[in-house]
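Q: Just one file: run17.txt, with compact mmCIF, C-alpha atoms and all ligand atoms.
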# COMPACT_ATOMS: atom_id res chain seq x y z
CA MET I 16 119.31 93.67 149.18
CA LEU I 17 121.86 94.58 146.56
CA SER I 18 124.26 97.25 147.81
CA GLU I 19 126.11 98.33 144.65
CA VAL I 20 125.01 100.41 141.64
CA LEU I 21 123.32 98.40 138.89
CA LEU I 22 123.39 99.38 135.20
CA VAL I 23 121.08 97.62 132.77
CA SER I 24 119.90 98.23 129.22
CA ALA I 25 117.18 96.83 126.98
CA PRO I 26 116.51 97.31 123.25
CA GLY I 27 113.57 98.75 121.34
CA LYS I 28 112.03 96.85 118.44
CA VAL I 29 110.95 97.12 114.83
CA ILE I 30 108.64 94.81 112.92
CA LEU I 31 110.54 93.35 109.98
CA HIS I 32 107.52 91.72 108.32
CA GLY I 33 103.95 90.84 109.23
CA GLU I 34 102.51 94.08 110.65
CA HIS I 35 98.71 94.15 110.21
CA ALA I 36 98.69 90.56 108.89
CA VAL I 37 99.54 89.47 112.46
CA VAL I 38 96.22 90.91 113.64
CA HIS I 39 94.55 88.35 111.33
CA GLY I 40 96.46 85.34 112.65
CA LYS I 41 99.50 85.50 110.34
CA VAL I 42 103.20 85.32 111.29
CA ALA I 43 105.12 88.49 112.19
CA LEU I 44 108.86 88.87 112.70
CA ALA I 45 109.90 91.47 115.25
CA VAL I 46 113.56 92.30 115.81
CA ALA I 47 115.51 93.98 118.60
CA LEU I 48 116.84 97.37 117.63
CA ASN I 49 120.23 98.60 118.72
CA LEU I 50 118.71 101.77 120.12
CA ARG I 51 118.46 101.07 123.81
CA THR I 52 116.99 102.23 127.08
CA PHE I 53 119.46 102.42 129.99
CA LEU I 54 118.66 102.25 133.69
CA ARG I 55 120.87 103.07 136.64
CA LEU I 56 119.76 101.82 140.06
CA GLN I 57 121.52 103.14 143.15
CA PRO I 58 120.55 101.59 146.51
CA HIS I 59 120.95 103.90 149.54
CA SER I 60 119.48 104.55 152.97
CA SER I 61 117.85 107.99 152.59
CA GLY I 62 114.37 106.58 153.20
CA LYS I 63 113.24 107.63 149.74
CA VAL I 64 112.57 105.98 146.42
CA CYS I 65 113.27 108.37 143.53
CA LEU I 66 112.34 107.96 139.87
CA ASN I 67 113.98 110.17 137.26
CA LEU I 68 112.94 109.91 133.59
CA PRO I 69 114.65 112.84 131.83
CA ASN I 70 113.32 111.97 128.32
CA ILE I 71 109.74 112.68 129.39
CA GLY I 72 110.45 115.19 132.17
CA VAL I 73 109.45 112.99 135.12
CA LYS I 74 111.12 113.43 138.51
CA ARG I 75 109.28 111.94 141.47
CA ALA I 76 110.24 110.88 144.99
CA TRP I 77 108.26 108.96 147.58
CA ASP I 78 108.86 108.50 151.25
CA VAL I 79 109.46 104.78 151.73
CA ALA I 80 107.94 104.85 155.24
CA ARG I 81 104.78 106.50 153.90
CA LEU I 82 104.53 104.02 151.03
CA GLN I 83 104.96 101.26 153.58
CA LEU I 84 101.93 102.60 155.51
CA GLN I 85 99.72 102.57 152.41
CA ASP I 86 97.52 99.55 152.09
CA THR I 87 99.11 97.85 149.09
CA SER I 88 97.80 94.42 150.01
CA PHE I 89 95.81 94.63 146.78
CA LEU I 90 99.12 93.88 145.02
CA GLU I 91 100.05 90.85 147.12
CA GLN I 92 99.32 88.02 144.78
CA GLY I 93 102.75 86.46 145.02
CA ASP I 94 103.35 86.16 141.30
CA ALA I 95 103.28 88.20 138.08
CA THR I 96 99.52 88.34 137.60
CA ALA I 97 97.65 90.77 135.35
CA PRO I 98 96.98 94.16 136.98
CA THR I 99 93.25 94.78 137.29
CA ALA I 100 91.57 98.12 136.49
CA GLU I 101 90.86 98.45 140.23
CA GLN I 102 94.55 97.98 141.09
CA VAL I 103 95.51 100.66 138.58
CA GLU I 104 92.94 103.03 140.15
CA ARG I 105 94.38 102.32 143.62
CA LEU I 106 97.89 102.95 142.28
CA LYS I 107 96.74 106.35 141.00
CA GLU I 108 95.70 107.17 144.57
CA VAL I 109 99.11 106.06 145.90
CA ALA I 110 100.81 108.19 143.21
CA GLY I 111 98.51 111.13 143.96
CA PHE I 112 97.24 111.30 140.37
CA PRO I 113 93.76 112.42 139.33
CA GLU I 114 91.50 109.54 138.30
CA ASP I 115 91.53 110.50 134.63
CA GLY I 116 95.33 110.96 134.57
CA ALA I 117 96.43 108.72 131.71
CA ASN I 118 99.13 110.73 129.91
CA PRO I 119 102.45 108.98 129.06
CA GLU I 120 104.25 110.53 132.07
CA HIS I 121 101.58 109.31 134.51
CA LEU I 122 101.49 105.86 132.92
CA ALA I 123 105.29 105.50 133.21
CA VAL I 124 105.11 106.40 136.92
CA LEU I 125 102.18 104.01 137.52
CA ALA I 126 104.02 101.13 135.82
CA PHE I 127 107.05 101.84 138.00
CA LEU I 128 105.00 101.96 141.21
CA TYR I 129 103.22 98.75 140.26
CA LEU I 130 106.51 96.92 139.70
CA TYR I 131 108.25 98.47 142.74
CA LEU I 132 105.41 97.69 145.17
CA SER I 133 104.79 94.21 143.73
CA ILE I 134 108.43 93.06 143.42
CA CYS I 135 109.98 94.86 146.40
CA GLY I 136 106.84 94.44 148.57
CA LYS I 137 108.03 90.91 149.29
CA GLN I 138 111.00 92.37 151.25
CA ARG I 139 110.70 93.00 155.00
CA ALA I 140 111.01 96.73 154.30
CA LEU I 141 110.63 98.60 151.01
CA PRO I 142 114.12 99.57 149.81
CA SER I 143 115.44 103.13 149.34
CA LEU I 144 116.55 103.52 145.74
CA ASP I 145 117.44 106.10 143.11
CA ILE I 146 116.36 105.04 139.65
CA MET I 147 117.33 106.93 136.51
CA VAL I 148 116.12 105.76 133.09
CA TRP I 149 117.41 107.33 129.90
CA SER I 150 116.59 106.20 126.37
CA GLN I 151 117.96 106.51 122.86
CA LEU I 152 114.47 105.62 121.61
CA PRO I 153 111.92 108.24 120.62
CA THR I 154 108.65 107.72 122.51
CA GLY I 155 105.34 107.05 120.77
CA ALA I 156 106.98 106.10 117.44
CA GLY I 157 106.07 102.39 117.54
CA LEU I 158 109.64 101.43 118.51
CA GLY I 159 108.78 99.68 121.77
CA SER I 160 110.07 102.38 124.12
CA SER I 161 107.56 101.55 126.88
CA ALA I 162 108.44 97.85 126.72
CA ALA I 163 112.19 98.58 126.94
CA TYR I 164 111.41 100.76 129.99
CA CYS I 165 109.35 98.03 131.69
CA VAL I 166 111.97 95.36 130.94
CA CYS I 167 114.74 97.53 132.46
CA VAL I 168 112.66 98.34 135.57
CA ALA I 169 111.61 94.71 136.10
CA ALA I 170 115.17 93.38 135.65
CA ALA I 171 116.69 96.01 137.95
CA LEU I 172 114.13 95.58 140.75
CA LEU I 173 114.21 91.77 140.63
CA THR I 174 118.02 91.92 140.84
CA ALA I 175 118.07 94.58 143.59
CA CYS I 176 115.68 92.46 145.67
CA GLU I 177 117.76 89.33 144.96
CA GLU I 178 114.83 87.53 143.35
CA ILE I 179 117.32 86.82 140.57
CA PRO I 180 121.14 86.97 140.84
CA ASN I 181 123.24 89.78 139.40
CA PRO I 182 124.88 88.09 136.38
CA GLN I 183 127.62 90.76 136.09
CA LYS I 184 131.08 89.19 136.00
CA ASP I 185 134.29 91.06 136.79
CA GLY I 186 136.01 92.43 133.71
CA VAL I 187 133.06 91.60 131.40
CA SER I 188 131.43 94.58 129.69
CA ALA I 189 127.91 93.14 129.32
CA SER I 190 126.37 90.03 130.89
CA ARG I 191 122.97 88.38 130.55
CA TRP I 192 120.68 86.40 132.84
CA THR I 193 119.78 82.70 132.51
CA VAL I 194 116.73 81.62 130.51
CA GLU I 195 114.70 81.10 133.74
CA ASP I 196 115.62 84.56 135.04
CA LEU I 197 114.79 86.13 131.65
CA GLU I 198 111.38 84.44 131.74
CA LEU I 199 110.70 86.04 135.12
CA ILE I 200 111.88 89.46 133.88
CA ASN I 201 109.65 89.12 130.80
CA LYS I 202 106.63 88.13 132.89
CA TRP I 203 106.94 91.17 135.14
CA ALA I 204 107.73 93.50 132.24
CA PHE I 205 104.51 92.32 130.56
CA GLN I 206 102.56 93.40 133.66
CA GLY I 207 104.18 96.84 133.46
CA GLU I 208 103.20 97.01 129.76
CA ARG I 209 99.64 96.10 130.74
CA VAL I 210 99.53 99.01 133.19
CA ILE I 211 100.63 101.30 130.33
CA HIS I 212 98.77 99.82 127.34
CA GLY I 213 95.84 97.87 128.81
CA ASN I 214 95.92 94.83 126.56
CA PRO I 215 99.24 94.60 124.67
CA SER I 216 100.21 91.49 122.69
CA GLY I 217 103.42 90.96 124.69
CA VAL I 218 105.63 90.92 121.61
CA ASP I 219 107.43 94.19 122.44
CA ASN I 220 108.51 93.10 125.93
CA ALA I 221 109.48 89.65 124.58
CA VAL I 222 111.80 91.20 121.94
CA SER I 223 113.25 93.59 124.50
CA THR I 224 113.91 90.73 126.95
CA TRP I 225 115.25 88.09 124.56
CA GLY I 226 116.76 90.31 121.86
CA GLY I 227 117.49 88.96 118.35
CA VAL I 228 114.50 88.02 116.19
CA ILE I 229 111.11 86.96 117.54
CA ARG I 230 108.47 85.08 115.58
CA PHE I 231 104.96 85.95 116.68
CA GLN I 232 101.70 84.26 115.71
CA GLN I 233 98.38 84.15 117.54
CA GLY I 234 99.95 84.98 120.88
CA LYS I 235 102.70 82.37 120.47
CA ILE I 236 106.15 83.89 120.76
CA SER I 237 109.37 82.08 119.88
CA SER I 238 112.97 83.19 119.40
CA LEU I 239 114.93 82.48 116.22
CA LYS I 240 118.18 80.67 116.92
CA ARG I 241 121.39 82.57 116.08
CA PRO I 242 119.84 85.45 114.07
CA PRO I 243 122.30 87.56 112.05
CA ALA I 244 122.83 91.20 113.08
CA LEU I 245 121.64 93.27 110.11
CA LYS I 246 122.44 96.92 109.62
CA ILE I 247 119.58 99.26 108.81
CA LEU I 248 118.64 102.87 108.52
CA LEU I 249 115.69 103.62 110.74
CA THR I 250 113.79 106.69 109.59
CA ASN I 251 111.03 108.50 111.43
CA THR I 252 108.80 110.50 109.06
CA LYS I 253 107.42 112.17 112.21
CA VAL I 254 103.89 111.86 110.78
CA PRO I 255 101.68 110.99 113.78
CA ARG I 256 99.46 107.96 113.35
CA SER I 257 96.95 105.97 115.32
CA THR I 258 97.66 102.22 115.38
CA LYS I 259 94.06 101.59 116.44
CA ALA I 260 92.56 103.54 113.49
CA LEU I 261 94.92 101.89 110.98
CA VAL I 262 94.16 98.39 112.27
CA ALA I 263 90.43 99.20 111.98
CA SER I 264 90.86 100.48 108.41
CA VAL I 265 92.56 97.23 107.32
CA ARG I 266 89.77 95.25 108.95
CA SER I 267 87.10 97.18 107.05
CA ARG I 268 88.99 96.77 103.75
CA LEU I 269 89.14 93.02 104.44
CA LEU I 270 85.37 92.95 105.05
CA LYS I 271 84.69 95.03 101.93
CA PHE I 272 87.00 93.10 99.56
CA PRO I 273 87.62 89.68 101.15
CA GLU I 274 88.67 88.05 97.89
CA ILE I 275 91.29 90.74 97.29
CA VAL I 276 92.60 91.33 100.82
CA THR I 277 92.73 87.70 102.03
CA PRO I 278 95.36 86.76 99.42
CA LEU I 279 97.35 89.90 100.33
CA LEU I 280 97.46 88.78 103.97
CA ALA I 281 98.42 85.26 102.90
CA SER I 282 101.20 86.69 100.76
CA ILE I 283 102.52 88.80 103.65
CA ASN I 284 102.55 85.62 105.74
CA ALA I 285 104.60 83.89 103.03
CA ILE I 286 107.01 86.86 103.02
CA SER I 287 107.53 86.50 106.79
CA LEU I 288 108.18 82.76 106.41
CA GLU I 289 110.62 83.29 103.53
CA CYS I 290 112.42 85.98 105.52
CA GLU I 291 112.64 83.64 108.52
CA ARG I 292 114.14 80.95 106.26
CA MET I 293 116.69 83.43 104.86
CA LEU I 294 117.72 84.60 108.33
CA GLY I 295 118.21 80.96 109.32
CA GLU I 296 120.48 80.37 106.29
CA MET I 297 122.38 83.58 107.01
CA ALA I 298 123.26 82.36 110.51
CA ALA I 299 125.38 79.63 108.92
CA SER I 300 127.09 81.69 106.20
CA PRO I 301 125.74 85.10 105.17
CA ALA I 302 126.20 85.91 101.47
CA LEU I 303 125.27 88.88 99.29
CA GLU I 304 122.55 86.75 97.61
CA HIS I 305 120.73 86.53 100.94
CA TYR I 306 120.65 90.31 101.19
CA LEU I 307 119.28 90.57 97.65
CA VAL I 308 116.42 88.23 98.60
CA LEU I 309 115.75 90.27 101.77
CA GLU I 310 115.56 93.39 99.58
CA GLU I 311 113.01 91.78 97.25
CA LEU I 312 110.90 90.72 100.23
CA ILE I 313 111.02 94.28 101.58
CA ASP I 314 109.82 95.70 98.23
CA MET I 315 106.98 93.20 97.88
CA ASN I 316 105.75 93.75 101.44
CA GLN I 317 105.86 97.54 101.06
CA HIS I 318 103.58 97.26 97.99
CA HIS I 319 101.22 94.94 99.87
CA LEU I 320 101.05 97.36 102.80
CA ASN I 321 100.21 100.15 100.37
CA ALA I 322 97.48 97.94 98.89
CA LEU I 323 96.10 97.44 102.42
CA GLY I 324 95.84 101.24 102.65
CA VAL I 325 98.38 101.85 105.42
CA GLY I 326 100.93 103.76 103.33
CA HIS I 327 101.55 107.50 103.36
CA ALA I 328 102.94 109.96 100.82
CA LEU I 329 105.98 110.58 103.05
CA LEU I 330 106.63 106.83 103.37
CA ASP I 331 106.56 106.67 99.55
CA GLN I 332 109.03 109.54 99.51
CA LEU I 333 111.26 107.67 101.98
CA CYS I 334 111.23 104.61 99.68
CA GLN I 335 111.97 106.69 96.58
CA VAL I 336 114.84 108.61 98.21
CA THR I 337 116.53 105.40 99.38
CA MET I 338 115.85 103.68 96.03
CA ALA I 339 117.69 106.56 94.31
CA HIS I 340 120.71 105.35 96.33
CA GLY I 341 120.03 101.72 95.41
CA LEU I 342 118.52 100.85 98.81
CA HIS I 343 115.24 99.13 99.66
CA SER I 344 112.79 100.29 102.34
CA LYS I 345 109.44 99.49 103.86
CA LEU I 346 107.25 100.99 106.55
CA THR I 347 107.46 99.31 109.95
CA GLY I 348 104.68 99.02 112.52
CA ALA I 349 101.27 100.48 111.94
CA GLY I 350 102.21 102.69 108.94
CA GLY I 351 100.16 105.75 107.95
CA GLY I 352 103.35 107.71 108.77
CA GLY I 353 105.62 106.71 111.63
CA CYS I 354 108.83 104.86 110.81
CA GLY I 355 110.41 103.05 107.88
CA ILE I 356 113.39 100.69 107.71
CA THR I 357 116.04 100.50 104.99
CA LEU I 358 118.32 97.47 104.70
CA LEU I 359 122.04 98.24 104.48
CA ARG I 360 123.89 95.56 102.47
CA PRO I 361 127.41 94.74 103.72
CA ASP I 362 128.89 95.72 100.32
CA LEU I 363 127.79 99.36 100.75
CA GLU I 364 130.50 101.99 101.09
CA GLN I 365 130.11 104.36 104.07
CA PRO I 366 129.97 107.55 101.88
CA GLU I 367 126.89 106.09 100.13
CA VAL I 368 125.23 105.43 103.49
CA GLU I 369 126.07 108.97 104.61
CA ALA I 370 124.63 110.43 101.39
CA THR I 371 121.38 108.48 101.90
CA LYS I 372 121.13 109.64 105.52
CA GLN I 373 121.67 113.23 104.41
CA ALA I 374 118.99 112.93 101.70
CA LEU I 375 116.50 111.58 104.28
CA THR I 376 117.39 114.29 106.78
CA ASP I 377 116.87 116.88 104.01
CA CYS I 378 113.27 115.59 103.71
CA GLY I 379 112.77 116.59 107.35
CA PHE I 380 112.99 113.01 108.67
CA ASP I 381 114.95 111.77 111.69
CA CYS I 382 117.34 109.03 110.63
CA TRP I 383 119.47 106.59 112.63
CA GLU I 384 122.02 104.09 111.34
CA THR I 385 121.68 101.11 113.64
CA SER I 386 121.53 97.34 113.72
CA ILE I 387 118.74 94.84 114.29
CA GLY I 388 119.06 91.51 116.04
CA ALA I 389 120.67 93.27 119.03
CA PRO I 390 121.01 91.51 122.43
CA GLY I 391 118.12 91.69 124.86
CA ILE I 392 118.21 92.96 128.46
CA SER I 393 121.82 93.08 129.68
CA VAL I 394 123.73 94.26 132.73
CA HIS I 395 126.77 96.47 132.14
CA SER I 396 129.97 97.56 133.85
CA ALA I 397 130.13 101.37 134.14
CA ALA I 398 133.38 101.45 132.14
CA SER I 399 131.77 99.71 129.16
CA LEU I 400 129.11 102.37 128.57
CA ASP I 401 129.67 105.06 125.93
CA ALA I 402 130.39 108.56 127.23
CA PRO I 403 126.98 110.02 126.20
CA VAL I 404 125.16 107.22 128.03
CA ARG I 405 127.36 107.64 131.11
CA GLN I 406 126.74 111.37 131.05
CA ALA I 407 122.97 110.91 130.69
CA LEU I 408 122.90 108.54 133.66
CA VAL I 409 124.66 111.25 135.72
CA GLY I 410 128.05 111.43 137.27
CA LEU I 411 129.60 108.17 136.04
O1 LIG D 1 103.51 100.70 115.31
P1 LIG D 1 103.29 99.64 116.31
O2 LIG D 1 104.52 99.11 116.99
O3 LIG D 1 102.19 99.96 117.28
O4 LIG D 1 102.85 98.35 115.47
C1 LIG D 1 101.56 97.95 115.24
C2 LIG D 1 101.58 96.62 114.57
C3 LIG D 1 100.22 96.19 114.04
O5 LIG D 1 100.40 94.92 113.45
C4 LIG D 1 99.72 97.14 112.99
C5 LIG D 1 99.19 96.11 115.15
C6 LIG D 1 99.38 94.98 116.12
O6 LIG D 1 98.75 95.04 117.20
O7 LIG D 1 100.11 94.01 115.83
Turn the structure described in the file into structure tokens.

A:
Amino acid sequence: MLSEVLLVSAPGKVILHGEHAVVHGKVALAVALNLRTFLRLQPHSSGKVCLNLPNIGVKRAWDVARLQLQDTSFLEQGDATAPTAEQVERLKEVAGFPEDGANPEHLAVLAFLYLYLSICGKQRALPSLDIMVWSQLPTGAGLGSSAAYCVCVAAALLTACEEIPNPQKDGVSASRWTVEDLELINKWAFQGERVIHGNPSGVDNAVSTWGGVIRFQQGKISSLKRPPALKILLTNTKVPRSTKALVASVRSRLLKFPEIVTPLLASINAISLECERMLGEMAASPALEHYLVLEELIDMNQHHLNALGVGHALLDQLCQVTMAHGLHSKLTGAGGGGCGITLLRPDLEQPEVEATKQALTDCGFDCWETSIGAPGISVHSAASLDAPVRQALVGL
């Protein structure tokens, strides 16, 4: 067992292009967002395992000896296999939750217990640990916060139990695992996501594990080589939306007007492919012309998404406000509210960016200046973390 404190972080995600079209077999590009979830794992010998999730008000502790007495043989399948509905029900009993308890707080605890009992259950004795997870990501905004959580928990537990080595090197601020270790982290994180979401596509945990840009089509996930880090404004209109209802509405529009909607989906696919090609060219030598093409692609896709019926008056407002500052935006994720992204060209002066952020905030939106194409799950030295992160993770 690992004896020292472990600090890891994993990014959230946004969909650059291909939302909705991906449901109909087209290509989507998802990118890691430089808003991250941080986890601090402290091994000790108190006989307790404690989980602290301040963002969602969860603080739970279990007696390791009592957990050890529980019959958790239902989890002993040796590898990262899909959790069954029966296993999740049994976990609810172990957690002491009512059978119908499926709120976000309960689901986060269940995913943790699933990963802790499955990964650490291979040890002779379950380890005593304090785990604190703190996130810069808003929850339930389509930014992959649950995936970033599962990736952090899986990476930290696998490392604590020495299933994978700690890649942290002396004097290095952030280190990453090998491809094989990342594959194992991703596999376990996907199981955690399944506990939370039932039947997720796996794209969110893949982006959070690998970082950069991920191409996703019909369940096939691949990483783009050497993606450029692009700066964006990420804006949350705070309009609640249901991904399920929006996906269903696109499907019924496709059934009603196949000759109109099929070409729209094909065009969105072509936008994703053109964007992928641009990002590939930018890796070699990024030029302003590339950004101008990316802006045109953003505009065209935003109009297509409106034509699919997943726009919203406040997303239109977001696009108009940024356009008044010469910037191009589109919705990201399911639409119908939720978040939008605005590309920041490298030639922009900071006062112009600030003025745009202020204008968006004045509309009542939350707005973050951040980058996309960020690194995936990483392990950090305590000294390398920013003061607010250190403070949030307590006492560092
Ligand atoms: O807002 P999110 O992250 O749930 O994005 C949904 C993306 C869709 O393409 C609309 C649905 C899907 O399952 O891919």

Q: Which distance in Å separates CA of Ala76 (chain I) and CA of Val168 (chain I), to one decimal?

A: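 These two atoms are separated by 15.9 Å.
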
Q: So which one's closest to Thr224 (chain I), I:Ala299, I:Leu330, I:Ala47, I:Cys382? Using all atoms listed in the file, please.

A: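 Smallest separation from Thr224 (chain I) among the options: I:Ala47.
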
Q: Separation of CA of Leu132 (chain I) and CA of Arg51 (chain I), in Å?

A: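 We find that CA of Leu132 (chain I) and CA of Arg51 (chain I) lie 25.3 Å from each other.
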
Q: Residues at most 8 Å from ligand LIG 1 (chain D), using all atoms listed in the file? Could they come as JSON, numbers by chain?

A: {"I": [28, 29, 30, 33, 34, 35, 36, 37, 38, 156, 157, 158, 159, 215, 216, 219, 258, 259, 261, 262, 347, 348, 349, 350, 353]}

Q: Fewer than 2 positions away in the same chain doesn't count, so skip those; otherwise give me all residues within 12 Å of Leu288 (chain I), counting all atoms listed in the file, as a VMD selection string.

A: chain I and resid 31 to 33 41 to 44 230 to 232 239 281 to 286 290 to 295 309 312

Q: Put the listed atoms of region 272-291 of chain I in a box along x, y and z with 8 Å added on every side and give me the centre and edge lengths in Å to one decimal, as JSON.

A:
{"center_x": 99.8, "center_y": 87.9, "center_z": 102.9, "size_x": 41.6, "size_y": 26.3, "size_z": 27.2}

Q: Would you mind listing what lies within 10 Å of Gln102 (chain I) as a compact mmCIF listing (two decimals) with C-alpha atoms, in the coordinates of the input, with all atoms listed in the file counted and same-chain residues fewer than 2 positions away left out?

A:
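The file below, selection-v2.txt, is the result:
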# COMPACT_ATOMS: atom_id res chain seq x y z
CA THR I 87 99.11 97.85 149.09
CA PHE I 89 95.81 94.63 146.78
CA LEU I 90 99.12 93.88 145.02
CA ALA I 97 97.65 90.77 135.35
CA PRO I 98 96.98 94.16 136.98
CA THR I 99 93.25 94.78 137.29
CA ALA I 100 91.57 98.12 136.49
CA GLU I 104 92.94 103.03 140.15
CA ARG I 105 94.38 102.32 143.62
CA LEU I 106 97.89 102.95 142.28
CA LYS I 107 96.74 106.35 141.00
CA GLU I 108 95.70 107.17 144.57
CA TYR I 129 103.22 98.75 140.26
CA VAL I 210 99.53 99.01 133.19

Q: To one decimal place in Å, what is the distance between CA of Val166 (chain I) and CA of Thr357 (chain I)?

A: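 Going from CA of Val166 (chain I) over to CA of Thr357 (chain I), I get 26.8 Å.
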
Q: Write out as a JSON list (two decimals) with C-alpha atoms, in the frame of the given file which residues come within 8 Å of region 390-407 of chain I when counting only C-alpha atoms, dropping same-chain ones fewer than 5 positions away.

A:
[["chain", "number", "residue", "atom", "x", "y", "z"],
["I", 21, "LEU", "CA", 123.32, 98.40, 138.89],
["I", 22, "LEU", "CA", 123.39, 99.38, 135.20],
["I", 23, "VAL", "CA", 121.08, 97.62, 132.77],
["I", 24, "SER", "CA", 119.90, 98.23, 129.22],
["I", 25, "ALA", "CA", 117.18, 96.83, 126.98],
["I", 26, "PRO", "CA", 116.51, 97.31, 123.25],
["I", 47, "ALA", "CA", 115.51, 93.98, 118.60],
["I", 53, "PHE", "CA", 119.46, 102.42, 129.99],
["I", 149, "TRP", "CA", 117.41, 107.33, 129.90],
["I", 166, "VAL", "CA", 111.97, 95.36, 130.94],
["I", 167, "CYS", "CA", 114.74, 97.53, 132.46],
["I", 170, "ALA", "CA", 115.17, 93.38, 135.65],
["I", 182, "PRO", "CA", 124.88, 88.09, 136.38],
["I", 183, "GLN", "CA", 127.62, 90.76, 136.09],
["I", 186, "GLY", "CA", 136.01, 92.43, 133.71],
["I", 187, "VAL", "CA", 133.06, 91.60, 131.40],
["I", 188, "SER", "CA", 131.43, 94.58, 129.69],
["I", 189, "ALA", "CA", 127.91, 93.14, 129.32],
["I", 190, "SER", "CA", 126.37, 90.03, 130.89],
["I", 191, "ARG", "CA", 122.97, 88.38, 130.55],
["I", 192, "TRP", "CA", 120.68, 86.40, 132.84],
["I", 222, "VAL", "CA", 111.80, 91.20, 121.94],
["I", 223, "SER", "CA", 113.25, 93.59, 124.50],
["I", 224, "THR", "CA", 113.91, 90.73, 126.95],
["I", 225, "TRP", "CA", 115.25, 88.09, 124.56],
["I", 226, "GLY", "CA", 116.76, 90.31, 121.86],
["I", 227, "GLY", "CA", 117.49, 88.96, 118.35]]

Q: Looking at all atoms listed in the file, which of I:Leu408, I:Cys135, I:Met297, I:Ser264 is the one that sits closest to Val20 (chain I)?

A: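 Checking each of I:Leu408, I:Cys135, I:Met297, I:Ser264 against Val20 (chain I), counting all atoms listed in the file, the winner is I:Leu408.
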
Q: Of the candidates I:Gly40, I:Pro243, I:Gly234, I:Asn214, which one gets nearest to Ala302 (chain I) if we count all atoms listed in the file?

A: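 Among the listed residues, the smallest separation from Ala302 (chain I) belongs to I:Pro243.
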
Q: List the neighbours of Ala322 (chain I) out to 9 Å using only C-alpha atoms; skip same-chain residues closer than 4 positions along the sequence, and give me the result as JSON, numbers by chain.

A: {"I": [276, 279, 317, 318, 326]}

Q: Could you please take those selected residues and save C-alpha atoms as a CSV table (one decimal), in the frame of the given file?

A:
chain,number,residue,atom,x,y,z
I,276,VAL,CA,92.6,91.3,100.8
I,279,LEU,CA,97.4,89.9,100.3
I,317,GLN,CA,105.9,97.5,101.1
I,318,HIS,CA,103.6,97.3,98.0
I,326,GLY,CA,100.9,103.8,103.3

Q: Which of these, I:Ala389, I:Leu323, I:Leu333, I:Met16, has the shortest distance to Pro273 (chain I) once you count only C-alpha atoms?

A: I:Leu323

Q: From the options I:Val265, I:Leu17, I:Leu68, I:Leu122, which residue's atoms come nearest to Pro142 (chain I), counting all atoms listed in the file?

A: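 With all atoms listed in the file as the atom set, the closest residue is I:Leu17.
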
Q: Using all atoms listed in the file, can you tell me which of I:Leu329, I:Ala110, I:Ile146, I:Leu172 comes closest to Cys378 (chain I)?

A: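 Distance minimum relative to Cys378 (chain I) lands on I:Leu329.
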